[in-house]
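What follows is the content of entry.cif, which has mmCIF, C-alpha atoms:
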```
data_work
loop_
_atom_site.group_PDB
_atom_site.id
_atom_site.type_symbol
_atom_site.label_atom_id
_atom_site.label_comp_id
_atom_site.auth_asym_id
_atom_site.auth_seq_id
_atom_site.Cartn_x
_atom_site.Cartn_y
_atom_site.Cartn_z
ATOM 1 C CA MET A 19 3.732 10.216 -26.066
ATOM 2 C CA GLN A 20 0.317 8.601 -26.091
ATOM 3 C CA GLN A 21 -0.594 6.237 -23.277
ATOM 4 C CA SER A 22 -0.845 2.510 -24.092
ATOM 5 C CA ASN A 23 -4.168 0.683 -24.271
ATOM 6 C CA ALA A 24 -3.432 -0.928 -20.907
ATOM 7 C CA GLY A 25 -2.794 2.521 -19.416
ATOM 8 C CA VAL A 26 -6.046 3.906 -20.775
ATOM 9 C CA GLU A 27 -7.941 0.799 -19.602
ATOM 10 C CA LEU A 28 -6.390 0.972 -16.132
ATOM 11 C CA ASP A 29 -7.197 4.660 -15.783
ATOM 12 C CA ALA A 30 -10.814 3.960 -16.825
ATOM 13 C CA LEU A 31 -11.079 1.039 -14.376
ATOM 14 C CA LEU A 32 -9.667 3.101 -11.497
ATOM 15 C CA THR A 33 -11.974 6.006 -12.412
ATOM 16 C CA LYS A 34 -15.152 3.918 -12.298
ATOM 17 C CA SER A 35 -14.174 1.827 -9.272
ATOM 18 C CA ASP A 36 -14.632 2.278 -5.555
ATOM 19 C CA PRO A 37 -12.100 0.568 -3.251
ATOM 20 C CA ASP A 38 -14.863 -0.100 -0.713
ATOM 21 C CA SER A 39 -17.211 -1.821 -3.163
ATOM 22 C CA MET A 40 -17.745 -5.563 -3.281
ATOM 23 C CA ASP A 41 -17.053 -5.525 -7.017
ATOM 24 C CA TRP A 42 -13.577 -4.074 -6.467
ATOM 25 C CA GLY A 43 -12.797 -6.370 -3.545
ATOM 26 C CA GLU A 44 -13.988 -9.536 -5.235
ATOM 27 C CA TYR A 45 -12.644 -9.314 -8.763
ATOM 28 C CA ALA A 46 -12.035 -5.872 -10.267
ATOM 29 C CA TYR A 47 -8.781 -5.370 -8.344
ATOM 30 C CA GLU A 48 -7.399 -8.423 -10.172
ATOM 31 C CA ASP A 49 -8.119 -6.702 -13.473
ATOM 32 C CA GLY A 50 -6.300 -3.656 -12.131
ATOM 33 C CA GLU A 51 -3.275 -5.706 -11.089
ATOM 34 C CA GLU A 52 -3.141 -7.346 -14.514
ATOM 35 C CA LEU A 53 -3.402 -4.035 -16.361
ATOM 36 C CA LEU A 54 -0.744 -2.468 -14.135
ATOM 37 C CA SER A 55 1.602 -5.365 -14.861
ATOM 38 C CA ARG A 56 1.247 -4.718 -18.610
ATOM 39 C CA LEU A 57 2.391 -1.092 -18.422
ATOM 40 C CA ASN A 58 5.838 -0.158 -19.640
ATOM 41 C CA ALA A 59 8.095 2.076 -17.528
ATOM 42 C CA GLU A 60 6.972 5.286 -19.227
ATOM 43 C CA ASP A 61 3.258 4.507 -18.827
ATOM 44 C CA ARG A 62 3.830 3.590 -15.186
ATOM 45 C CA ALA A 63 5.586 6.910 -14.565
ATOM 46 C CA VAL A 64 2.724 8.825 -16.220
ATOM 47 C CA LEU A 65 0.139 6.901 -14.192
ATOM 48 C CA PHE A 66 1.914 7.459 -10.889
ATOM 49 C CA ARG A 67 2.496 11.169 -11.575
ATOM 50 C CA SER A 68 -1.174 11.646 -12.458
ATOM 51 C CA ALA A 69 -2.329 10.084 -9.175
ATOM 52 C CA LYS A 70 -2.068 13.404 -7.331
ATOM 53 C CA THR A 71 -4.756 14.906 -9.573
ATOM 54 C CA LYS A 72 -7.163 11.972 -9.347
ATOM 55 C CA PRO A 73 -10.098 11.509 -6.945
ATOM 56 C CA ALA A 74 -9.568 9.701 -3.643
ATOM 57 C CA SER A 75 -11.443 6.602 -4.840
ATOM 58 C CA TRP A 76 -9.074 6.336 -7.833
ATOM 59 C CA ARG A 77 -6.032 6.706 -5.552
ATOM 60 C CA GLY A 78 -7.445 4.182 -3.093
ATOM 61 C CA CYS A 79 -7.928 1.619 -5.837
ATOM 62 C CA LEU A 80 -4.405 2.264 -7.118
ATOM 63 C CA VAL A 81 -2.921 1.765 -3.647
ATOM 64 C CA SER A 82 -4.781 -1.537 -3.317
ATOM 65 C CA ILE A 83 -3.082 -3.025 -6.397
ATOM 66 C CA LEU A 84 0.481 -1.904 -5.735
ATOM 67 C CA HIS A 85 3.121 -4.554 -5.087
ATOM 68 C CA PRO A 86 6.202 -3.153 -3.408
ATOM 69 C CA SER A 87 8.477 -5.738 -4.965
ATOM 70 C CA LYS A 88 8.690 -3.168 -7.756
ATOM 71 C CA VAL A 89 10.655 -0.099 -6.677
ATOM 72 C CA ASP A 90 8.359 2.446 -8.335
ATOM 73 C CA GLU A 91 5.299 0.861 -6.726
ATOM 74 C CA SER A 92 6.943 0.782 -3.301
ATOM 75 C CA GLU A 93 7.665 4.505 -3.537
ATOM 76 C CA VAL A 94 4.071 5.287 -4.562
ATOM 77 C CA LEU A 95 2.828 3.163 -1.657
ATOM 78 C CA ILE A 96 5.067 4.944 0.854
ATOM 79 C CA ASP A 97 4.122 8.344 -0.609
ATOM 80 C CA ALA A 98 0.440 7.442 -0.089
ATOM 81 C CA LEU A 99 1.057 7.673 3.670
ATOM 82 C CA SER A 100 0.916 11.443 3.123
ATOM 83 C CA ASP A 101 -2.239 11.483 1.016
ATOM 84 C CA VAL A 102 -4.872 14.076 1.950
ATOM 85 C CA ASP A 103 -7.574 11.397 2.178
ATOM 86 C CA ASP A 104 -7.637 9.273 5.353
ATOM 87 C CA ASN A 105 -9.034 6.253 3.491
ATOM 88 C CA VAL A 106 -6.146 6.274 1.021
ATOM 89 C CA VAL A 107 -3.671 6.628 3.904
ATOM 90 C CA GLY A 108 -5.345 3.745 5.742
ATOM 91 C CA ALA A 109 -5.239 1.515 2.665
ATOM 92 C CA ALA A 110 -1.558 2.337 2.158
ATOM 93 C CA LEU A 111 -0.718 1.633 5.788
ATOM 94 C CA ASP A 112 -2.595 -1.668 5.669
ATOM 95 C CA ARG A 113 -0.646 -2.773 2.566
ATOM 96 C CA ILE A 114 2.646 -1.616 4.028
ATOM 97 C CA TYR A 115 2.073 -3.645 7.185
ATOM 98 C CA PHE A 116 1.102 -6.666 5.074
ATOM 99 C CA PHE A 117 4.078 -6.515 2.703
ATOM 100 C CA CYS A 118 6.413 -5.907 5.637
ATOM 101 C CA GLY A 119 5.229 -9.277 6.937
ATOM 102 C CA PHE A 120 2.532 -8.500 9.472
ATOM 103 C CA ASN A 121 -0.851 -10.144 9.496
ATOM 104 C CA ARG A 122 -3.820 -10.532 11.817
ATOM 105 C CA SER A 123 -6.033 -13.431 12.819
ATOM 106 C CA ALA A 124 -8.896 -13.812 15.258
ATOM 107 C CA LYS A 125 -6.872 -16.326 17.307
ATOM 108 C CA LYS A 126 -3.426 -14.714 17.331
ATOM 109 C CA GLY A 127 -4.210 -11.055 16.873
ATOM 110 C CA VAL A 128 -1.413 -9.281 14.992
ATOM 111 C CA PHE A 129 1.617 -11.444 14.300
ATOM 112 C CA GLU A 130 4.774 -11.439 12.243
ATOM 113 C CA ASP A 131 4.647 -13.684 9.169
ATOM 114 C CA ALA A 132 7.887 -13.736 7.203
ATOM 115 C CA ARG A 133 6.257 -15.819 4.438
ATOM 116 C CA ILE A 134 4.374 -12.755 3.161
ATOM 117 C CA ARG A 135 7.247 -10.328 3.635
ATOM 118 C CA ALA A 136 8.722 -8.525 0.623
ATOM 119 C CA ALA A 137 12.262 -8.470 2.039
ATOM 120 C CA LEU A 138 13.648 -5.495 0.118
ATOM 121 C CA PHE A 139 10.532 -3.455 0.908
ATOM 122 C CA TRP A 140 10.727 -4.410 4.585
ATOM 123 C CA ASP A 141 14.335 -3.218 4.654
ATOM 124 C CA ARG A 142 13.390 0.002 2.840
ATOM 125 C CA VAL A 143 10.623 0.751 5.348
ATOM 126 C CA ARG A 144 12.295 -0.232 8.625
ATOM 127 C CA LEU A 145 15.573 1.530 7.826
ATOM 128 C CA ASP A 146 13.971 4.851 6.833
ATOM 129 C CA GLN A 147 13.437 6.755 10.077
ATOM 130 C CA SER A 148 10.983 9.214 8.491
ATOM 131 C CA VAL A 149 8.802 6.338 7.227
ATOM 132 C CA VAL A 150 8.900 4.608 10.616
ATOM 133 C CA GLU A 151 7.923 7.869 12.328
ATOM 134 C CA ARG A 152 5.030 8.398 9.900
ATOM 135 C CA ILE A 153 3.787 4.836 10.464
ATOM 136 C CA GLU A 154 3.996 5.357 14.217
ATOM 137 C CA GLN A 155 2.130 8.679 13.983
ATOM 138 C CA LEU A 156 -0.659 7.175 11.873
ATOM 139 C CA SER A 157 -0.944 4.083 14.056
ATOM 140 C CA GLN A 158 -1.487 6.170 17.182
ATOM 141 C CA LYS A 159 -4.838 7.355 15.822
ATOM 142 C CA ASN A 160 -6.448 3.921 15.750
ATOM 143 C CA PRO A 161 -6.419 0.977 18.225
ATOM 144 C CA TYR A 162 -6.638 -1.496 15.315
ATOM 145 C CA LEU A 163 -3.474 -0.040 13.786
ATOM 146 C CA ALA A 164 -1.782 0.370 17.173
ATOM 147 C CA ALA A 165 -1.790 -3.417 17.520
ATOM 148 C CA TYR A 166 0.106 -3.643 14.220
ATOM 149 C CA TRP A 167 2.514 -0.940 15.339
ATOM 150 C CA ASN A 168 3.350 -2.820 18.547
ATOM 151 C CA VAL A 169 4.462 -5.913 16.606
ATOM 152 C CA PHE A 170 6.035 -3.870 13.784
ATOM 153 C CA SER A 171 8.075 -1.672 16.143
ATOM 154 C CA GLU A 172 9.436 -4.701 17.978
ATOM 155 C CA ALA A 173 10.506 -6.365 14.711
ATOM 156 C CA ALA A 174 11.890 -3.126 13.271
ATOM 157 C CA GLY A 175 13.992 -2.409 16.352
ATOM 158 C CA ALA A 176 11.932 0.609 17.430
ATOM 159 C CA ARG A 177 11.080 -1.031 20.762
ATOM 160 C CA GLY A 178 10.911 2.080 22.924
ATOM 161 C CA ARG A 179 8.299 3.658 20.736
ATOM 162 C CA ARG A 180 4.687 2.781 21.430
ATOM 163 C CA PRO A 181 1.454 4.406 20.330
#
```

Structure translated into structure tokens:
Amino acid sequence: MQQSNAGVELDALLTKSDPDSMDWGEYAYEDGEELLSRLNAEDRAVLFRSAKTKPASWRGCLVSILHPSKVDESEVLIDALSDVDDNVVGAALDRIYFFCGFNRSAKKGVFEDARIRAALFWDRVRLDQSVVERIEQLSQKNPYLAAYWNVFSEAAGARGRRP
């Protein structure tokens, strides 16, 4: 089956974009989110399957527009923790922490914020021991992420585990 116009447009946008660019961060990601929301189930499946063959910048942009309130997007986001590119992994971990309800401010440092939590995703992540172990492993590599892990592990009931 041929991909929809939205699928072709999203693929083109992800291909020409860089997740670290100001253009992507300021407005292009919104176009990506909108195009992703217009895809039917079949186009979404094709897009997500093709991600493995795409460049790291494409995958990084995709990760940055995923919303784990949708089951297929949550699985792609969790799978990105095993990407071969450290930047894609970092972007995935950042989004996972955010959608699990963890944020950071200059005053408070890392803190739990249930208002931003996607409850079903939080349950999916915290109850899957292999995902928790992968998050812990990745967080040990970076002091910035270790601060997230400390708050995350306490909330997830993994208290004895510290990076």

Quick one: residues within 8 Å of Phe129 in chain A, all atoms listed in the file, excluding same-chain residues fewer than 3 positions away - as an MDAnalysis selection string? chainID A and resid 120:122 126 166 169

Could you jot down the CA of Leu138 in chain A to CA of Gly119 in chain A separation for me, Å, one decimal place?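 So the two atoms, CA of Leu138 in chain A and CA of Gly119 in chain A, lie 11.5 Å apart.
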
Taking all atoms listed in the file into account, produce a table as CSV in which each residue of range 22-104 of chain A with an atom at most 12 Å from an atom of range 150-159 of chain A appears once, together with its shortest atom pair and the distance in Å to one decimal, ordered by chain and rising number.
```
residue,atom,partner,partner_atom,distance
A:Ile96,CA,A:Arg152,CA,9.7
A:Asp97,CA,A:Arg152,CA,10.5
A:Ala98,CA,A:Arg152,CA,11.0
A:Leu99,CA,A:Arg152,CA,7.4
A:Ser100,CA,A:Arg152,CA,8.5
A:Asp101,CA,A:Leu156,CA,11.8
A:Asp104,CA,A:Leu156,CA,9.8
```

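Considering the residues A:Lys125, A:Arg144, A:Ile134, A:Leu111 and counting only C-alpha atoms, Asn160 in chain A has its shortest atom-to-atom contact with A:Leu111.
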
Closest of A:Ala24, A:Ala46, A:Leu32, A:Leu80 to Asp61 in chain A, counting only C-alpha atoms, is A:Ala24

Shell around Leu53 in chain A at 8 Å using only C-alpha atoms, local window under 6 positions removed, as a ChimeraX atom specification: /A:24-25,27-28

Could you state the separation of CA of Lys88 in chain A and CA of Glu130 in chain A in Å, given to one decimal place?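 If I compute the distance from CA of Lys88 in chain A to CA of Glu130 in chain A, I get 22.0 Å.
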
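Across A:Ala74, A:Ala59, A:Leu54, A:Ala165, the tightest approach to Ser35 in chain A is made by A:Ala74 when counting all atoms listed in the file.
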
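CA of Ala30 in chain A lies 12.5 Å from CA of Pro73 in chain A.
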
Which residues come within 12 Å of Trp42 in chain A, counting all atoms listed in the file, excluding same-chain residues fewer than 6 positions away, as a PDB file with C-alpha atoms, in the coordinates of the input?
```
ATOM      1  CA  LEU A  31     -11.079   1.039 -14.376  1.00  0.00           C
ATOM      2  CA  LEU A  32      -9.667   3.101 -11.497  1.00  0.00           C
ATOM      3  CA  THR A  33     -11.974   6.006 -12.412  1.00  0.00           C
ATOM      4  CA  LYS A  34     -15.152   3.918 -12.298  1.00  0.00           C
ATOM      5  CA  SER A  35     -14.174   1.827  -9.272  1.00  0.00           C
ATOM      6  CA  ASP A  36     -14.632   2.278  -5.555  1.00  0.00           C
ATOM      7  CA  GLU A  48      -7.399  -8.423 -10.172  1.00  0.00           C
ATOM      8  CA  ASP A  49      -8.119  -6.702 -13.473  1.00  0.00           C
ATOM      9  CA  GLY A  50      -6.300  -3.656 -12.131  1.00  0.00           C
ATOM     10  CA  GLU A  51      -3.275  -5.706 -11.089  1.00  0.00           C
ATOM     11  CA  SER A  75     -11.443   6.602  -4.840  1.00  0.00           C
ATOM     12  CA  TRP A  76      -9.074   6.336  -7.833  1.00  0.00           C
ATOM     13  CA  GLY A  78      -7.445   4.182  -3.093  1.00  0.00           C
ATOM     14  CA  CYS A  79      -7.928   1.619  -5.837  1.00  0.00           C
ATOM     15  CA  LEU A  80      -4.405   2.264  -7.118  1.00  0.00           C
ATOM     16  CA  SER A  82      -4.781  -1.537  -3.317  1.00  0.00           C
ATOM     17  CA  ILE A  83      -3.082  -3.025  -6.397  1.00  0.00           C
TER      18      ILE A  83
END
```

For each of A:Asp141, A:Glu91, A:Glu172, A:Asp29, take the minimum atom-to-atom distance to Ala63 in chain A, counting all atoms listed in the file, then give the residue where this is smallest. A:Glu91

List the residues sitting within 10 Å of (6.0, -2.8, 7.2) in the file's frame, using all atoms listed in the file, as a list in words.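 Applying the cut-off with all atoms listed in the file, one gets Leu111, Asp112, Arg113, Ile114, Tyr115, Phe116, Phe117, Cys118, Gly119, Phe120, Arg135, Ala136, Ala137, Phe139, Trp140, Asp141, Arg142, Val143, Arg144, Val149, Val150, Ile153, Tyr166, Trp167, Phe170, Ser171, Ala173 and Ala174 of chain A.
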
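Using all atoms listed in the file, the smallest distance between any of A:Asn168, A:Pro37, A:Glu44, A:Ser22 and Arg62 in chain A comes from A:Ser22.
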
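In this comparison, which uses all atoms listed in the file, the residue of A:Ser123, A:Gln147, A:Ser92, A:Ser55 approaching Ala110 in chain A most closely is A:Ser92.
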
At most 7 Å from (-1.4, 9.2, -7.9), file frame, only C-alpha atoms: which residues, as an MDAnalysis selection string? chainID A and resid 65:72 77
